[in-house]
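For reference, the structure is listed below as C-alpha cells.
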Amino acid sequence: MATEEVPNVDLITLTRHVLSDQFRLGASATGDLTLLLTAIQVTSKFIATNVRKARLINLVGLAGETNVQGEEQKKLDVLSNDIMVNALRASRKTAVLVSEELDDAIIIEDPHKGAYCVVFDPLDGSSNIDAGVNIGTIFGIYKVQPGSKGTVEDVLRPGSEMVAAGYTMYGSSANLVLSTGHGVNGYTLDASLGEFILTHPNVRFIVSCSQTRSDIPKIQIPTRGKIYSFNEGNSMYFHPPVINYLKSIKYPVPPKTPYSARYIGSMVADVHRTLLYGGIFGYPDDQKSKSGKLRLLYEAFPMAFLIEQAGGIATTGTGRILDIVPKSIHERCPVFLGSRDDVQDLMKFYAEEKK
C-alpha cells in the first residue's frame, strides 16, 4: 500500500523570505525595500484576480485609447496600470514611477515620497488577453541616487544598478519570480492562503534557511538548452547574423540535432520557459524595427537582470544589455537572452560580421 507524502508544514512565503534577507543585513537594512516588495506582491495578487475574472466582468477588449508606444490599450492594461501606480504611491517608498502605459514619468509628491524608483510594464503580452494566453507584470527597482530628490535621471541609469527585478506571470497559476541581486527565487500564489509560496528557491537561499528538500526545483538556467524562441514571422527583415544563427540551430551539422521552436508572443511567458528549461529567447533589431521592439527600462533590463542572476547571458548581440545607459524612458533595444552557451553561439555570428 502506497504511503501518502506528508505535506510540508514549513511554508516559506515571499514575505518571510524578504524579511529573512532584511534580517541578514542587520542594522544596515531600513526595511524600505521589504515594504516596497510587499506592495508589489499585493498588486500582483490584485491583477491576478482581475485577469482570471476578466471575461466575466467585461475587462476584455479595447479601452479606446493608445499608449505612448502607439499600441491600442486593453481595458485590463489600464486597470493594471492604475493598480500598480496607486499601490506604489501608497507604499510611501517610491520617488519615481515609469510605466509602459504612461507618456511621462510620475514624480511622487513629498508626503508620499520614498527612496526607490520603480519601472514597470503593468501587463506584458496584453494583446493575448482575449485568447487566454499567459501574460504578466514586469518590474525593476532602482534606489534614488545620493543627493537626488527623485527625478527622471534616477532611472536613466544602467540596468546593472538596479537593486531588484522580477515579474509575475498570470496563467494556470500565478508565479512571481524575483531577484534582489543574490540569485533568483520563484513563488507560486496559493489562492486559498492568499500568499506567494516559495516553490523554486535559489541554492543560496536553501542553504541559508537550512531548507534541504531535494524535490523543490531550483532556478538556475542550464548552460545550454534545446529551444529557441524568436518571432520568425519577421525573418524576412532579420539581419545576417540572426539569419545565420537560426540556420545553424535548425539545420545543424550531424551528429547535432535541431532545436525546437517555441514562441508564445508574451515576453514573460517566453522568458519564464527559457529560465526554467534553457535555450535562447530573441527579439532582434531588424530592417523594420531599427532599434528593436522591446523597451529597455521595463522589459529588457529586468529580464536581463534575472537571467544573469540565474547564470545566463543577456546581450544586444554586440554588448551586455545591463551596461546600456538609457537616453529616454521608453527607449528600445535588441534583446537576446538565455543559456550561456547558446547566447555565446549567437554572439559569434555578430563578431564574424564585424571582421
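Starting from 1 in every chain, residues are counted up; chains themselves are A, B, ... following the order of the C-alpha cells, and ligands are numbered from 1 as listed.
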task: Would you return as a PyMOL selection string the members of stretch 193-280 of chain A that DSSP assigns to strand (DSSP E or B) on this structure's backbone?
output: chain A and resi 195-200+227-230+260-261+280
message: So that I can check the surroundings of A:Val96, please list as a PyMOL selection string every protein, DNA and RNA residue that reaches within 8 Å of it, counting only C-alpha atoms and ignoring chain neighbours fewer than 4 positions away.
response: chain A and resi 105-108+116-118+150-152+154-155
task: Fewer than 6 positions away in the same chain doesn't count, so skip those; otherwise give me all residues within 7 Å of A:Asp323, counting only C-alpha atoms, as a list in words.
output: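 These residues fall inside the cut-off: Pro158, Gly159 and Ser160 of chain A.
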message: I'd like to know which of A:Thr30, A:Pro255, A:Val268, A:Lys93 is closest to A:Leu123, using only C-alpha atoms.
response: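 Of the candidates, the smallest distance to A:Leu123 is held by A:Val268.
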message: Can you pull out every residue from stretch 128-245 of chain A that DSSP, working from the backbone, puts in helix (DSSP H, G or I), and format the result as a PyMOL selection string?
response: chain A and resi 128-131+152-154+159-161+203-208+232-237+240-245
- prompt: What does the distance between atom CA of A:Thr137 and atom CA of A:Thr168 come to in Å, to one decimal place?
  reply: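 Straight-line distance from atom CA of A:Thr137 to atom CA of A:Thr168 works out to 5.1 Å.
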- request: For A:Arg332, please output as JSON, numbers by chain all residues within 8 Å (counting only C-alpha atoms; exclusion window: fewer than 2 positions along the same chain).
  value: {"A": [291, 292, 293, 294, 295, 296, 330, 334]}
Cut-off 12 Å: closest stretch 125-243 of chain A/stretch 308-321 of chain A atom pairs per residue, using only C-alpha atoms, as a tab-separated table:
```
residue	atom	partner	partner_atom	distance
A:Arg157	CA	A:Ile321	CA	11.8
A:Pro158	CA	A:Ile321	CA	8.5
A:Gly159	CA	A:Ile321	CA	7.5
A:Ser160	CA	A:Ile321	CA	8.8
A:Val163	CA	A:Gln309	CA	11.9
A:Ala164	CA	A:Gln309	CA	10.6
A:Ala165	CA	A:Gln309	CA	10.2
A:Gly166	CA	A:Gln309	CA	11.1
A:Val177	CA	A:Ala310	CA	11.1
A:Leu178	CA	A:Gln309	CA	10.0
A:Ser179	CA	A:Gln309	CA	7.3
A:Thr180	CA	A:Gln309	CA	9.1
A:Gly181	CA	A:Gln309	CA	6.7
A:His182	CA	A:Gln309	CA	7.0
A:Gly183	CA	A:Gln309	CA	4.9
A:Val184	CA	A:Ala310	CA	5.9
A:Asn185	CA	A:Ala310	CA	9.2
A:Gly186	CA	A:Ala310	CA	11.4
A:His200	CA	A:Ala310	CA	11.7
A:Pro201	CA	A:Ala310	CA	11.1
A:Asn202	CA	A:Ala310	CA	8.5
A:Val203	CA	A:Ala310	CA	10.3
A:Arg204	CA	A:Ala310	CA	11.5
A:Lys218	CA	A:Ala310	CA	9.7
A:Ile219	CA	A:Ala310	CA	6.4
A:Gln220	CA	A:Ala310	CA	4.8
A:Ile221	CA	A:Ala310	CA	5.6
A:Pro222	CA	A:Gly312	CA	7.9
A:Thr223	CA	A:Gly312	CA	7.2
A:Arg224	CA	A:Gly312	CA	9.4
A:Gly225	CA	A:Gly312	CA	11.1
A:His239	CA	A:Gly317	CA	11.2
A:Pro240	CA	A:Gly317	CA	11.9
A:Pro241	CA	A:Gly317	CA	8.8
A:Val242	CA	A:Gly317	CA	9.0
```
- request: Could you tell me how far atom CA of A:Pro326 lies from atom CA of A:Asn231, in Å and to one decimal?
  value: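 Calculated distance between atom CA of A:Pro326 and atom CA of A:Asn231 is 25.0 Å.
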query: What does the distance between atom CA of A:Tyr298 and atom CA of A:Leu97 come to in Å, to one decimal place?
result: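 We find that atom CA of A:Tyr298 and atom CA of A:Leu97 lie 10.7 Å from each other.
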Proximity to A:Glu232 - best of A:Gly136, A:Pro146, A:Pro252, A:Gly282, only C-alpha atoms: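 Closest candidate: A:Gly282.
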- request: Give me the residues within 10 Å of A:Gly31 as JSON, numbers by chain, counting only C-alpha atoms and dropping any in the same chain fewer than 6 places off.
  value: {"A": [18, 19, 22, 23, 93]}
Export, as a PDB file, in the first residue's frame, the selected residues with N, CA and C atoms.
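Saved result, again39.pdb, follows:
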```
ATOM      1  N   VAL A  18      11.680  37.676   2.110  1.00  0.00           N
ATOM      2  CA  VAL A  18      12.212  39.038   2.026  1.00  0.00           C
ATOM      3  C   VAL A  18      12.616  39.532   3.409  1.00  0.00           C
ATOM      4  N   LEU A  19      11.836  39.208   4.411  1.00  0.00           N
ATOM      5  CA  LEU A  19      12.185  39.605   5.783  1.00  0.00           C
ATOM      6  C   LEU A  19      13.472  38.930   6.245  1.00  0.00           C
ATOM      7  N   GLN A  22      16.273  40.792   4.938  1.00  0.00           N
ATOM      8  CA  GLN A  22      16.434  42.044   5.685  1.00  0.00           C
ATOM      9  C   GLN A  22      17.165  41.802   7.000  1.00  0.00           C
ATOM     10  N   PHE A  23      16.802  40.744   7.703  1.00  0.00           N
ATOM     11  CA  PHE A  23      17.435  40.431   8.985  1.00  0.00           C
ATOM     12  C   PHE A  23      18.916  40.112   8.806  1.00  0.00           C
ATOM     13  N   LYS A  93       7.261  54.518  -0.430  1.00  0.00           N
ATOM     14  CA  LYS A  93       8.653  54.083  -0.582  1.00  0.00           C
ATOM     15  C   LYS A  93       9.217  54.403  -1.959  1.00  0.00           C
TER      16      LYS A  93
END
```
message: Give me the residues near A:Ser91 as a list in words, where near means some atom within 10 Å (using only C-alpha atoms) and where sequence neighbours in that chain fewer than 4 positions away do not count.
response: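 Result of the neighbour search: Asp32, Leu35, Leu36, Leu37, Thr38, Ala39, Ile40, Asn86, Ala87, His112, Lys113 and Gly114 of chain A.
Remark: for A:Ile329, the closest of the candidate residues A:Asp77, A:Val85, A:Ala269, A:Leu156 is A:Leu156 (distances computed over only C-alpha atoms).
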